[in-house]
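Text of the file target-v5.cif, holding mmCIF, C-alpha atoms:
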```cif
data_data
#
loop_
_atom_site.group_PDB
_atom_site.id
_atom_site.type_symbol
_atom_site.label_atom_id
_atom_site.label_comp_id
_atom_site.auth_asym_id
_atom_site.auth_seq_id
_atom_site.Cartn_x
_atom_site.Cartn_y
_atom_site.Cartn_z
ATOM 1 C CA MET A 134 118.818 21.592 116.421
ATOM 2 C CA SER A 135 119.668 18.298 118.080
ATOM 3 C CA GLN A 136 123.383 17.983 118.707
ATOM 4 C CA SER A 137 123.320 14.241 118.087
ATOM 5 C CA ARG A 138 122.231 14.866 114.497
ATOM 6 C CA HIS A 139 125.175 17.132 113.758
ATOM 7 C CA VAL A 140 127.885 15.163 111.949
ATOM 8 C CA PRO A 141 131.327 16.794 112.179
ATOM 9 C CA VAL A 142 132.961 17.098 108.761
ATOM 10 C CA MET A 143 135.518 14.381 107.819
ATOM 11 C CA LEU A 144 135.593 13.289 111.451
ATOM 12 C CA GLN A 145 137.118 9.845 110.979
ATOM 13 C CA ARG A 146 139.844 11.130 108.694
ATOM 14 C CA CYS A 147 140.787 13.879 111.196
ATOM 15 C CA LEU A 148 141.010 11.353 114.036
ATOM 16 C CA ASP A 149 143.122 8.957 111.964
ATOM 17 C CA LEU A 150 145.445 11.765 110.924
ATOM 18 C CA LEU A 151 146.054 12.853 114.533
ATOM 19 C CA ALA A 152 146.055 9.337 116.056
ATOM 20 C CA PRO A 153 149.795 8.483 115.882
ATOM 21 C CA ALA A 154 150.561 11.583 117.987
ATOM 22 C CA LEU A 155 147.769 11.032 120.530
ATOM 23 C CA GLU A 156 148.084 7.374 121.420
ATOM 24 C CA GLY A 157 150.986 7.791 123.864
ATOM 25 C CA PRO A 158 150.668 8.598 127.593
ATOM 26 C CA GLY A 159 149.116 11.941 128.593
ATOM 27 C CA PRO A 160 148.958 13.805 125.278
ATOM 28 C CA VAL A 161 147.421 17.279 125.001
ATOM 29 C CA VAL A 162 145.231 17.985 121.969
ATOM 30 C CA VAL A 163 143.857 21.424 121.061
ATOM 31 C CA ASP A 164 140.570 21.877 119.231
ATOM 32 C CA CYS A 165 140.960 25.466 117.998
ATOM 33 C CA THR A 166 137.373 25.637 116.725
ATOM 34 C CA LEU A 167 135.163 23.988 119.325
ATOM 35 C CA GLY A 168 131.756 24.848 117.810
ATOM 36 C CA LEU A 169 129.164 22.335 118.979
ATOM 37 C CA GLY A 170 131.911 20.055 120.309
ATOM 38 C CA GLY A 171 131.541 17.184 117.823
ATOM 39 C CA HIS A 172 135.236 16.885 117.016
ATOM 40 C CA SER A 173 136.193 17.476 120.674
ATOM 41 C CA GLU A 174 133.878 14.766 121.956
ATOM 42 C CA ALA A 175 135.246 12.305 119.395
ATOM 43 C CA LEU A 176 138.851 13.146 120.369
ATOM 44 C CA LEU A 177 138.137 12.560 124.082
ATOM 45 C CA GLU A 178 136.299 9.340 123.270
ATOM 46 C CA ARG A 179 138.923 7.869 120.956
ATOM 47 C CA PHE A 180 142.010 8.897 122.970
ATOM 48 C CA PRO A 181 141.174 8.090 126.612
ATOM 49 C CA GLU A 182 144.588 9.296 127.814
ATOM 50 C CA ALA A 183 144.315 12.686 126.118
ATOM 51 C CA ARG A 184 143.665 16.045 127.726
ATOM 52 C CA LEU A 185 141.678 18.451 125.546
ATOM 53 C CA VAL A 186 142.015 22.236 125.365
ATOM 54 C CA ALA A 187 139.230 23.729 123.228
ATOM 55 C CA LEU A 188 138.828 27.337 122.055
ATOM 56 C CA ASP A 189 135.848 29.245 120.720
ATOM 57 C CA ARG A 190 135.055 32.939 120.414
ATOM 58 C CA ASP A 191 131.312 32.236 120.559
ATOM 59 C CA LYS A 192 129.980 32.152 124.130
ATOM 60 C CA GLU A 193 126.829 30.264 123.150
ATOM 61 C CA ALA A 194 128.940 27.540 121.511
ATOM 62 C CA LEU A 195 131.026 27.261 124.691
ATOM 63 C CA ARG A 196 127.899 26.898 126.822
ATOM 64 C CA LEU A 197 126.402 24.145 124.651
ATOM 65 C CA SER A 198 129.708 22.297 124.282
ATOM 66 C CA GLY A 199 130.285 22.591 128.011
ATOM 67 C CA GLU A 200 127.106 20.581 128.587
ATOM 68 C CA ARG A 201 128.084 18.059 125.947
ATOM 69 C CA LEU A 202 131.615 17.559 127.286
ATOM 70 C CA ALA A 203 130.693 17.660 130.999
ATOM 71 C CA PRO A 204 130.961 13.840 131.348
ATOM 72 C CA TYR A 205 134.703 14.097 130.587
ATOM 73 C CA GLY A 206 135.256 16.301 133.627
ATOM 74 C CA GLU A 207 138.770 17.643 134.090
ATOM 75 C CA ARG A 208 140.015 16.143 130.828
ATOM 76 C CA ALA A 209 138.346 19.003 128.901
ATOM 77 C CA THR A 210 139.329 22.653 129.352
ATOM 78 C CA LEU A 211 137.111 25.084 127.408
ATOM 79 C CA VAL A 212 138.371 28.621 126.807
ATOM 80 C CA HIS A 213 136.665 31.737 125.405
ATOM 81 C CA ALA A 214 139.311 32.859 122.908
ATOM 82 C CA VAL A 215 139.990 33.421 119.232
ATOM 83 C CA TYR A 216 142.339 30.779 117.851
ATOM 84 C CA ASP A 217 145.233 33.154 117.201
ATOM 85 C CA GLU A 218 145.330 33.569 120.999
ATOM 86 C CA LEU A 219 146.505 29.952 121.329
ATOM 87 C CA PRO A 220 150.024 30.828 122.645
ATOM 88 C CA ASP A 221 148.477 32.923 125.476
ATOM 89 C CA VAL A 222 145.940 30.226 126.318
ATOM 90 C CA LEU A 223 148.630 27.535 126.575
ATOM 91 C CA ARG A 224 150.913 29.790 128.618
ATOM 92 C CA LYS A 225 148.132 30.514 131.138
ATOM 93 C CA LEU A 226 147.424 26.788 131.436
ATOM 94 C CA GLY A 227 151.126 26.050 131.946
ATOM 95 C CA ILE A 228 151.305 23.841 128.825
ATOM 96 C CA ALA A 229 154.650 24.117 127.022
ATOM 97 C CA ARG A 230 153.936 21.872 124.027
ATOM 98 C CA VAL A 231 150.986 19.961 122.590
ATOM 99 C CA GLN A 232 150.794 16.709 120.648
ATOM 100 C CA GLY A 233 147.827 17.485 118.402
ATOM 101 C CA VAL A 234 145.972 20.484 116.959
ATOM 102 C CA LEU A 235 142.727 20.522 114.993
ATOM 103 C CA PHE A 236 141.148 23.442 113.100
ATOM 104 C CA ASP A 237 137.716 23.178 111.481
ATOM 105 C CA LEU A 238 137.367 26.551 109.769
ATOM 106 C CA GLY A 239 133.723 26.246 108.746
ATOM 107 C CA VAL A 240 131.073 28.467 110.289
ATOM 108 C CA SER A 241 129.562 26.347 113.037
ATOM 109 C CA SER A 242 126.246 24.700 112.201
ATOM 110 C CA MET A 243 124.721 26.419 115.191
ATOM 111 C CA GLN A 244 125.512 29.845 113.759
ATOM 112 C CA LEU A 245 124.062 28.912 110.385
ATOM 113 C CA ASP A 246 120.957 27.415 111.928
ATOM 114 C CA GLU A 247 120.228 30.269 114.330
ATOM 115 C CA ALA A 248 118.214 32.751 112.309
ATOM 116 C CA ASP A 249 119.050 35.795 114.397
ATOM 117 C CA ARG A 250 122.789 35.652 113.734
ATOM 118 C CA GLY A 251 122.488 36.666 110.066
ATOM 119 C CA PHE A 252 125.054 34.208 108.639
ATOM 120 C CA ALA A 253 122.685 32.443 106.266
ATOM 121 C CA TYR A 254 121.389 34.012 103.073
ATOM 122 C CA ALA A 255 118.514 31.538 102.813
ATOM 123 C CA GLN A 256 116.468 33.237 105.553
ATOM 124 C CA ASP A 257 115.850 36.810 106.610
ATOM 125 C CA ALA A 258 117.774 37.886 109.709
ATOM 126 C CA PRO A 259 119.580 40.899 111.157
ATOM 127 C CA LEU A 260 122.899 41.391 109.319
ATOM 128 C CA ASP A 261 125.260 40.601 112.181
ATOM 129 C CA MET A 262 127.634 37.685 111.392
ATOM 130 C CA ARG A 263 129.876 38.256 114.433
ATOM 131 C CA MET A 264 131.051 34.961 115.886
ATOM 132 C CA ASP A 265 131.643 36.704 119.187
ATOM 133 C CA GLN A 266 128.591 38.901 119.631
ATOM 134 C CA THR A 267 130.133 40.783 122.533
ATOM 135 C CA THR A 268 132.635 42.680 120.405
ATOM 136 C CA GLY A 269 133.295 44.478 117.125
ATOM 137 C CA ALA A 270 131.186 45.758 114.218
ATOM 138 C CA GLY A 271 128.531 43.593 112.584
ATOM 139 C CA ALA A 272 127.943 43.091 108.852
ATOM 140 C CA ALA A 273 125.303 45.860 108.659
ATOM 141 C CA GLU A 274 127.832 48.394 109.960
ATOM 142 C CA VAL A 275 130.371 47.276 107.352
ATOM 143 C CA LEU A 276 127.802 47.654 104.545
ATOM 144 C CA ASN A 277 126.520 50.996 105.778
ATOM 145 C CA THR A 278 129.791 52.752 106.613
ATOM 146 C CA TYR A 279 132.706 51.387 104.559
ATOM 147 C CA PRO A 280 133.829 53.501 101.573
ATOM 148 C CA PRO A 281 132.836 51.966 98.193
ATOM 149 C CA GLY A 282 136.446 51.167 97.236
ATOM 150 C CA GLU A 283 136.957 49.235 100.475
ATOM 151 C CA LEU A 284 133.736 47.244 99.950
ATOM 152 C CA VAL A 285 134.822 46.341 96.410
ATOM 153 C CA ARG A 286 138.204 45.175 97.759
ATOM 154 C CA ILE A 287 136.541 43.000 100.417
ATOM 155 C CA LEU A 288 134.119 41.379 97.974
ATOM 156 C CA ARG A 289 136.906 40.654 95.500
ATOM 157 C CA ALA A 290 139.515 39.501 98.001
ATOM 158 C CA TYR A 291 137.340 37.520 100.411
ATOM 159 C CA GLY A 292 134.391 36.518 98.235
ATOM 160 C CA GLU A 293 136.226 36.148 94.925
ATOM 161 C CA GLU A 294 133.190 38.013 93.545
ATOM 162 C CA LYS A 295 133.727 39.072 89.915
ATOM 163 C CA GLN A 296 130.703 41.381 90.021
ATOM 164 C CA ALA A 297 131.931 43.289 93.099
ATOM 165 C CA LYS A 298 131.689 46.722 91.444
ATOM 166 C CA ARG A 299 128.066 46.228 90.344
ATOM 167 C CA ILE A 300 127.026 44.932 93.762
ATOM 168 C CA VAL A 301 128.788 47.745 95.637
ATOM 169 C CA ALA A 302 127.314 50.411 93.358
ATOM 170 C CA ALA A 303 123.849 49.051 94.202
ATOM 171 C CA VAL A 304 124.679 48.862 97.943
ATOM 172 C CA VAL A 305 125.882 52.478 98.008
ATOM 173 C CA ARG A 306 122.783 53.675 96.135
ATOM 174 C CA GLU A 307 120.460 51.801 98.488
ATOM 175 C CA ARG A 308 122.192 52.629 101.766
ATOM 176 C CA GLU A 309 121.721 56.342 101.052
ATOM 177 C CA LYS A 310 117.956 55.790 100.955
ATOM 178 C CA GLU A 311 117.959 53.599 104.054
ATOM 179 C CA PRO A 312 120.750 51.818 105.971
ATOM 180 C CA PHE A 313 120.924 48.015 105.689
ATOM 181 C CA SER A 314 119.755 46.006 108.670
ATOM 182 C CA ASN A 315 118.478 42.640 107.370
ATOM 183 C CA SER A 316 119.834 39.927 105.117
ATOM 184 C CA ALA A 317 116.788 39.532 102.802
ATOM 185 C CA ARG A 318 117.156 43.060 101.434
ATOM 186 C CA LEU A 319 120.823 42.433 100.649
ATOM 187 C CA VAL A 320 120.055 39.105 98.928
ATOM 188 C CA GLU A 321 117.390 40.784 96.794
ATOM 189 C CA LEU A 322 119.719 43.654 95.893
ATOM 190 C CA ILE A 323 122.445 41.203 94.779
ATOM 191 C CA ARG A 324 119.965 39.270 92.630
ATOM 192 C CA ASP A 325 118.856 42.495 90.947
ATOM 193 C CA ALA A 326 122.401 43.805 90.462
ATOM 194 C CA LEU A 327 123.839 40.748 88.727
ATOM 195 C CA PRO A 328 123.647 40.144 84.979
ATOM 196 C CA GLN A 329 121.623 37.079 83.925
ATOM 197 C CA ALA A 330 124.680 34.986 83.047
ATOM 198 C CA ALA A 331 126.199 35.468 86.523
ATOM 199 C CA LYS A 332 122.984 34.253 88.181
ATOM 200 C CA ARG A 333 123.058 30.950 86.355
ATOM 201 C CA THR A 334 126.301 29.715 87.882
ATOM 202 C CA GLY A 335 127.266 28.403 91.288
ATOM 203 C CA GLY A 336 124.241 28.345 93.571
ATOM 204 C CA ASN A 337 122.833 31.335 95.436
ATOM 205 C CA PRO A 338 124.225 34.554 93.922
ATOM 206 C CA ALA A 339 124.538 36.086 97.408
ATOM 207 C CA LYS A 340 126.859 33.356 98.660
ATOM 208 C CA ARG A 341 130.163 35.075 97.784
ATOM 209 C CA THR A 342 129.120 38.441 99.236
ATOM 210 C CA PHE A 343 128.006 36.820 102.507
ATOM 211 C CA GLN A 344 131.293 34.913 102.719
ATOM 212 C CA ALA A 345 133.245 38.141 102.163
ATOM 213 C CA LEU A 346 131.298 40.027 104.846
ATOM 214 C CA ARG A 347 131.702 37.193 107.326
ATOM 215 C CA ILE A 348 135.476 37.066 106.798
ATOM 216 C CA GLU A 349 135.748 40.852 107.172
ATOM 217 C CA VAL A 350 133.517 41.073 110.271
ATOM 218 C CA ASN A 351 135.448 38.340 112.078
ATOM 219 C CA GLY A 352 138.906 39.196 110.732
ATOM 220 C CA GLU A 353 139.118 35.525 109.787
ATOM 221 C CA LEU A 354 142.012 35.568 107.346
ATOM 222 C CA SER A 355 144.258 37.821 109.416
ATOM 223 C CA VAL A 356 143.472 35.698 112.482
ATOM 224 C CA LEU A 357 144.266 32.539 110.513
ATOM 225 C CA GLU A 358 147.537 34.011 109.226
ATOM 226 C CA ARG A 359 148.678 34.307 112.842
ATOM 227 C CA ALA A 360 146.999 31.150 114.140
ATOM 228 C CA ILE A 361 148.403 28.431 111.848
ATOM 229 C CA PRO A 362 152.101 29.314 112.400
ATOM 230 C CA ALA A 363 151.411 29.687 116.152
ATOM 231 C CA ALA A 364 149.805 26.233 116.245
ATOM 232 C CA VAL A 365 152.747 24.678 114.378
ATOM 233 C CA LYS A 366 155.122 26.340 116.857
ATOM 234 C CA ALA A 367 153.150 24.881 119.791
ATOM 235 C CA LEU A 368 153.549 21.323 118.464
ATOM 236 C CA ASP A 369 155.976 18.943 120.116
ATOM 237 C CA VAL A 370 158.320 17.039 117.801
ATOM 238 C CA GLY A 371 156.167 14.152 116.532
ATOM 239 C CA GLY A 372 153.018 16.238 117.094
ATOM 240 C CA ARG A 373 150.430 16.564 114.339
ATOM 241 C CA ILE A 374 148.105 19.277 113.021
ATOM 242 C CA ALA A 375 144.963 18.807 110.904
ATOM 243 C CA VAL A 376 143.170 21.739 109.237
ATOM 244 C CA LEU A 377 139.781 21.666 107.504
ATOM 245 C CA SER A 378 139.220 24.657 105.184
ATOM 246 C CA TYR A 379 136.098 25.506 103.212
ATOM 247 C CA HIS A 380 137.219 27.993 100.602
ATOM 248 C CA SER A 381 140.290 28.532 98.487
ATOM 249 C CA LEU A 382 141.559 31.575 100.420
ATOM 250 C CA GLU A 383 141.845 29.615 103.670
ATOM 251 C CA ASP A 384 143.198 26.520 101.971
ATOM 252 C CA ARG A 385 145.871 28.543 100.143
ATOM 253 C CA LEU A 386 147.005 30.091 103.409
ATOM 254 C CA VAL A 387 147.273 26.709 105.163
ATOM 255 C CA LYS A 388 149.038 25.191 102.159
ATOM 256 C CA HIS A 389 151.570 28.047 102.184
ATOM 257 C CA VAL A 390 152.413 27.667 105.912
ATOM 258 C CA PHE A 391 152.736 23.870 105.646
ATOM 259 C CA ALA A 392 154.792 24.027 102.436
ATOM 260 C CA ALA A 393 157.179 26.583 103.958
ATOM 261 C CA GLY A 394 157.636 24.376 107.031
ATOM 262 C CA ALA A 395 158.261 21.282 104.892
ATOM 263 C CA ALA A 396 160.872 22.949 102.672
ATOM 264 C CA THR A 397 164.578 23.182 103.259
ATOM 265 C CA THR A 398 165.793 26.757 103.729
ATOM 266 C CA ALA A 399 169.387 25.957 102.763
ATOM 267 C CA PRO A 400 171.134 27.953 100.049
ATOM 268 C CA PRO A 401 171.279 25.800 96.890
ATOM 269 C CA GLY A 402 174.330 23.649 96.258
ATOM 270 C CA LEU A 403 175.307 22.693 99.830
ATOM 271 C CA PRO A 404 176.663 19.106 99.818
ATOM 272 C CA VAL A 405 175.292 18.511 103.326
ATOM 273 C CA VAL A 406 172.305 20.471 104.642
ATOM 274 C CA PRO A 407 172.998 21.721 108.204
ATOM 275 C CA GLU A 408 170.361 21.074 110.889
ATOM 276 C CA ARG A 409 169.177 24.680 111.010
ATOM 277 C CA TYR A 410 168.102 24.544 107.342
ATOM 278 C CA GLN A 411 166.304 21.190 107.566
ATOM 279 C CA PRO A 412 162.500 21.091 107.139
ATOM 280 C CA ARG A 413 160.477 21.435 110.364
ATOM 281 C CA LEU A 414 157.363 19.736 109.019
ATOM 282 C CA LYS A 415 156.432 16.622 107.108
ATOM 283 C CA LEU A 416 153.258 16.840 105.008
ATOM 284 C CA LEU A 417 150.738 14.106 105.850
ATOM 285 C CA THR A 418 148.326 14.713 102.966
ATOM 286 C CA ARG A 419 149.098 14.793 99.261
ATOM 287 C CA GLY A 420 147.665 18.163 98.383
ATOM 288 C CA ALA A 421 144.308 18.650 100.090
ATOM 289 C CA GLU A 422 142.115 15.635 100.798
ATOM 290 C CA LEU A 423 138.459 15.925 99.801
ATOM 291 C CA PRO A 424 135.385 14.417 101.478
ATOM 292 C CA THR A 425 133.960 11.194 100.057
ATOM 293 C CA GLU A 426 130.558 11.056 98.360
ATOM 294 C CA GLU A 427 129.232 9.244 101.450
ATOM 295 C CA GLU A 428 130.417 12.051 103.733
ATOM 296 C CA ILE A 429 128.790 14.672 101.528
ATOM 297 C CA ALA A 430 125.545 12.663 101.489
ATOM 298 C CA GLU A 431 125.661 12.488 105.311
ATOM 299 C CA ASN A 432 126.473 16.206 105.748
ATOM 300 C CA ARG A 433 126.009 18.538 102.781
ATOM 301 C CA ARG A 434 128.195 21.156 104.493
ATOM 302 C CA ALA A 435 131.158 18.838 103.958
ATOM 303 C CA ALA A 436 131.058 19.378 100.175
ATOM 304 C CA PRO A 437 133.623 22.220 99.908
ATOM 305 C CA ALA A 438 135.895 20.884 102.700
ATOM 306 C CA ARG A 439 139.648 20.494 102.114
ATOM 307 C CA LEU A 440 141.770 18.668 104.695
ATOM 308 C CA ARG A 441 145.518 19.167 105.119
ATOM 309 C CA GLY A 442 147.752 17.594 107.754
ATOM 310 C CA ALA A 443 151.363 17.991 108.837
ATOM 311 C CA GLN A 444 153.708 16.531 111.442
ATOM 312 C CA ARG A 445 156.395 18.398 113.379
ATOM 313 C CA ILE A 446 159.657 16.545 112.703
ATOM 314 C CA ARG A 447 162.230 18.809 114.323
ATOM 315 C CA GLU A 448 162.710 21.733 116.631
ATOM 316 C CA ASP A 449 163.272 25.249 115.383
ATOM 317 C CA VAL A 450 166.989 25.964 115.537
ATOM 318 C CA GLU A 451 167.647 29.603 116.253
#
```
With the file now loaded, output its structure as structure tokens.
Amino acid sequence: MSQSRHVPVMLQRCLDLLAPALEGPGPVVVDCTLGLGGHSEALLERFPEARLVALDRDKEALRLSGERLAPYGERATLVHAVYDELPDVLRKLGIARVQGVLFDLGVSSMQLDEADRGFAYAQDAPLDMRMDQTTGAGAAEVLNTYPPGELVRILRAYGEEKQAKRIVAAVVREREKEPFSNSARLVELIRDALPQAAKRTGGNPAKRTFQALRIEVNGELSVLERAIPAAVKALDVGGRIAVLSYHSLEDRLVKHVFAAGAATTAPPGLPVVPERYQPRLKLLTRGAELPTEEEIAENRRAAPARLRGAQRIREDVE
């Protein structure tokens, strides 16, 4: 896939949201989800003074982005890390505070387009779904070894799949005959397991199960639960964070962290709110911003995107 054709989701809006914090002298901006480097390249291009630190757990993504960002030389530091490791990464680089942070929580286009990674349900591939293929259990192992109750929980919690019990019953029956290894067999099983009415709504019936497996395999929600507060903590006063989510579970988590930071923690009824109870964050988006019709036409993967932004307005007071 040509990198030039890949259009990062809501790119302009992300840049505009972060701009006030990145236009001063020598700002540091962190791209927590480097992927193919589209957002990173745009950040380096638009903010010529900025230094970029970019993280990805996928070594292939780091290699490709490294080529793409090579012209920026020392201004770009690429690190093989999961985004909840941000505090460690910054400490090792000797960076105390940053002025901007960007998260794009979608699966990278490269992973969806590479058949052998098993993220996409539209083509047959080994059931892997690990973003970092050097570590952890793949999706096939989850399907073949998890107890039925645990699989039902994962499909319900991470895929919001109402038919979780039916699907899991079919998985358990089938895995006893032969373990799962490829995505096509799983897609077919889901189609057969669902009642007619459930097949008529909301696109490919396998979509929710694949989402649930991907989140489980990569520990995405637990990683995100640690990563968003850590990123907020790393922000300088005046610094800004922008987060693109693609399903309600992620968006809810981001919303919760931002809302907590933007609320006063004072007991009710105080005539004057002391500094230590004052909000730490100011919300920069009213609710979640959605992509425009033009953006969706340009990049169909933008359709489910939700963008939230916040600005650090004061230090934590211990």
Using only C-alpha atoms, can you tell me which of A:Ala203, A:Leu357, A:Ala443, A:Leu368 comes closest to Leu386 (chain A)?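 Of A:Ala203, A:Leu357, A:Ala443, A:Leu368, the one nearest Leu386 (chain A) is A:Leu357, counting only C-alpha atoms.
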The PyMOL selection byres ((chain A and resi 238) around 10) resolved against shown file, as a PDB file with C-alpha atoms, keeping the file's coordinate frame:
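Below is the file expr-v1.pdb, written as the result:
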```
ATOM      1  CA  CYS A 165     140.960  25.466 117.998  1.00  0.00           C
ATOM      2  CA  THR A 166     137.373  25.637 116.725  1.00  0.00           C
ATOM      3  CA  GLY A 168     131.756  24.848 117.810  1.00  0.00           C
ATOM      4  CA  LEU A 235     142.727  20.522 114.993  1.00  0.00           C
ATOM      5  CA  PHE A 236     141.148  23.442 113.100  1.00  0.00           C
ATOM      6  CA  ASP A 237     137.716  23.178 111.481  1.00  0.00           C
ATOM      7  CA  GLY A 239     133.723  26.246 108.746  1.00  0.00           C
ATOM      8  CA  VAL A 240     131.073  28.467 110.289  1.00  0.00           C
ATOM      9  CA  SER A 241     129.562  26.347 113.037  1.00  0.00           C
ATOM     10  CA  GLU A 353     139.118  35.525 109.787  1.00  0.00           C
ATOM     11  CA  LEU A 357     144.266  32.539 110.513  1.00  0.00           C
ATOM     12  CA  VAL A 376     143.170  21.739 109.237  1.00  0.00           C
ATOM     13  CA  LEU A 377     139.781  21.666 107.504  1.00  0.00           C
ATOM     14  CA  SER A 378     139.220  24.657 105.184  1.00  0.00           C
ATOM     15  CA  TYR A 379     136.098  25.506 103.212  1.00  0.00           C
ATOM     16  CA  HIS A 380     137.219  27.993 100.602  1.00  0.00           C
ATOM     17  CA  GLU A 383     141.845  29.615 103.670  1.00  0.00           C
ATOM     18  CA  ASP A 384     143.198  26.520 101.971  1.00  0.00           C
ATOM     19  CA  ALA A 438     135.895  20.884 102.700  1.00  0.00           C
TER      20      ALA A 438
END
```
Neighbour list for region 280-291 of chain A as a list in words, cut-off 9 Å, all atoms listed in the file, skip fewer than 5 positions in-chain: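 Near neighbours after the sequence-gap exclusion: Val275, Gln296, Ala297, Lys298, Ile300, Val301, Ala302, Val304, Val305, Arg341, Thr342, Phe343, Gln344, Ala345, Leu346, Arg347, Ile348, Glu349, Leu354 and Leu382 of chain A.
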Please save C-alpha atoms of the selected residues as a PDB file, keeping the file's coordinate frame.
```pdb
ATOM      1  CA  VAL A 275     130.371  47.276 107.352  1.00  0.00           C
ATOM      2  CA  GLN A 296     130.703  41.381  90.021  1.00  0.00           C
ATOM      3  CA  ALA A 297     131.931  43.289  93.099  1.00  0.00           C
ATOM      4  CA  LYS A 298     131.689  46.722  91.444  1.00  0.00           C
ATOM      5  CA  ILE A 300     127.026  44.932  93.762  1.00  0.00           C
ATOM      6  CA  VAL A 301     128.788  47.745  95.637  1.00  0.00           C
ATOM      7  CA  ALA A 302     127.314  50.411  93.358  1.00  0.00           C
ATOM      8  CA  VAL A 304     124.679  48.862  97.943  1.00  0.00           C
ATOM      9  CA  VAL A 305     125.882  52.478  98.008  1.00  0.00           C
ATOM     10  CA  ARG A 341     130.163  35.075  97.784  1.00  0.00           C
ATOM     11  CA  THR A 342     129.120  38.441  99.236  1.00  0.00           C
ATOM     12  CA  PHE A 343     128.006  36.820 102.507  1.00  0.00           C
ATOM     13  CA  GLN A 344     131.293  34.913 102.719  1.00  0.00           C
ATOM     14  CA  ALA A 345     133.245  38.141 102.163  1.00  0.00           C
ATOM     15  CA  LEU A 346     131.298  40.027 104.846  1.00  0.00           C
ATOM     16  CA  ARG A 347     131.702  37.193 107.326  1.00  0.00           C
ATOM     17  CA  ILE A 348     135.476  37.066 106.798  1.00  0.00           C
ATOM     18  CA  GLU A 349     135.748  40.852 107.172  1.00  0.00           C
ATOM     19  CA  LEU A 354     142.012  35.568 107.346  1.00  0.00           C
ATOM     20  CA  LEU A 382     141.559  31.575 100.420  1.00  0.00           C
TER      21      LEU A 382
END
```
Give me the residues near Ile228 (chain A) as a VMD selection string, where near means some atom within 12 Å (using all atoms listed in the file) and where sequence neighbours in that chain fewer than 2 positions away do not count. chain A and resid 160 to 163 184 to 186 219 to 226 230 to 232 367 to 369
Just C-alpha atoms for this one: save the residues we selected as a PDB file, keeping the file's coordinate frame.
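Heads up, here's the output in selection35.pdb:
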```pdb
ATOM      1  CA  PRO A 160     148.958  13.805 125.278  1.00  0.00           C
ATOM      2  CA  VAL A 161     147.421  17.279 125.001  1.00  0.00           C
ATOM      3  CA  VAL A 162     145.231  17.985 121.969  1.00  0.00           C
ATOM      4  CA  VAL A 163     143.857  21.424 121.061  1.00  0.00           C
ATOM      5  CA  ARG A 184     143.665  16.045 127.726  1.00  0.00           C
ATOM      6  CA  LEU A 185     141.678  18.451 125.546  1.00  0.00           C
ATOM      7  CA  VAL A 186     142.015  22.236 125.365  1.00  0.00           C
ATOM      8  CA  LEU A 219     146.505  29.952 121.329  1.00  0.00           C
ATOM      9  CA  PRO A 220     150.024  30.828 122.645  1.00  0.00           C
ATOM     10  CA  ASP A 221     148.477  32.923 125.476  1.00  0.00           C
ATOM     11  CA  VAL A 222     145.940  30.226 126.318  1.00  0.00           C
ATOM     12  CA  LEU A 223     148.630  27.535 126.575  1.00  0.00           C
ATOM     13  CA  ARG A 224     150.913  29.790 128.618  1.00  0.00           C
ATOM     14  CA  LYS A 225     148.132  30.514 131.138  1.00  0.00           C
ATOM     15  CA  LEU A 226     147.424  26.788 131.436  1.00  0.00           C
ATOM     16  CA  ARG A 230     153.936  21.872 124.027  1.00  0.00           C
ATOM     17  CA  VAL A 231     150.986  19.961 122.590  1.00  0.00           C
ATOM     18  CA  GLN A 232     150.794  16.709 120.648  1.00  0.00           C
ATOM     19  CA  ALA A 367     153.150  24.881 119.791  1.00  0.00           C
ATOM     20  CA  LEU A 368     153.549  21.323 118.464  1.00  0.00           C
ATOM     21  CA  ASP A 369     155.976  18.943 120.116  1.00  0.00           C
TER      22      ASP A 369
END
```
Coordinates-based distance that separates CA of Gln266 (chain A) from CA of Arg308 (chain A) (Å, one decimal): 23.4 Å
Once the PyMOL selection byres ((chain A and resi 374) around 6) has been applied to the shown file, what residues remain in the selection, as an MDAnalysis selection string? chainID A and resid 233:235 373 375 442:443
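Distances to Val387 (chain A) were evaluated for A:Arg359, A:Pro328, A:Ser173, A:Leu403 using all atoms listed in the file, and the minimum falls at A:Arg359.
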Interatomic distance (Å, one decimal) between CA of Gly199 (chain A) and CA of Ala272 (chain A): 28.2 Å
Pick the closest to Val142 (chain A) from A:Glu321, A:Glu358, A:Glu448, A:Glu428: which is it, counting all atoms listed in the file?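 Nearest candidate to Val142 (chain A) out of A:Glu321, A:Glu358, A:Glu448, A:Glu428: A:Glu428.
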Could you list, as an MDAnalysis selection string, every residue matched by the PyMOL selection byres ((chain A and resi 412) around 9) in this structure? chainID A and resid 393:398 408:411 413:415 446:447
One-decimal distance in Å that lies between CA of Lys366 (chain A) and CA of Asp449 (chain A):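 Separation of CA of Asp449 (chain A) and CA of Lys366 (chain A): 8.4 Å.
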Please define a box with edges along x, y and z of the file around all atoms of region 181-189 of chain A given in the file, extend it by 5 Å on each side, and return its centre and edge lengths in Å to one decimal, as AutoDock Vina command-line options.
```
--center_x 140.2 --center_y 18.7 --center_z 124.3 --size_x 18.7 --size_y 31.2 --size_z 17.1
```
Pick from A:Leu167, A:Ala363, A:Ile429, A:Cys147, whichever lies nearest to Val212 (chain A) using all atoms listed in the file: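 Under the stated criterion, the closest residue is A:Leu167.
Residues within 7 Å of Asp257 (chain A), counting all atoms listed in the file and excluding same-chain residues fewer than 6 positions away, are Asn315, Ser316 and Ala317 of chain A.
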Would you mind telling me which residue in A:Ala360, A:Lys295, A:Thr425, A:Gly371 lies nearest to Leu155 (chain A) when using only C-alpha atoms?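 Between A:Ala360, A:Lys295, A:Thr425, A:Gly371, the residue approaching Leu155 (chain A) most closely is A:Gly371.
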What lies within 9 Å of Val356 (chain A) using only C-alpha atoms, ignoring chain neighbours under 4 positions off, as a PyMOL selection string? chain A and resi 215-218+351-352+360-361
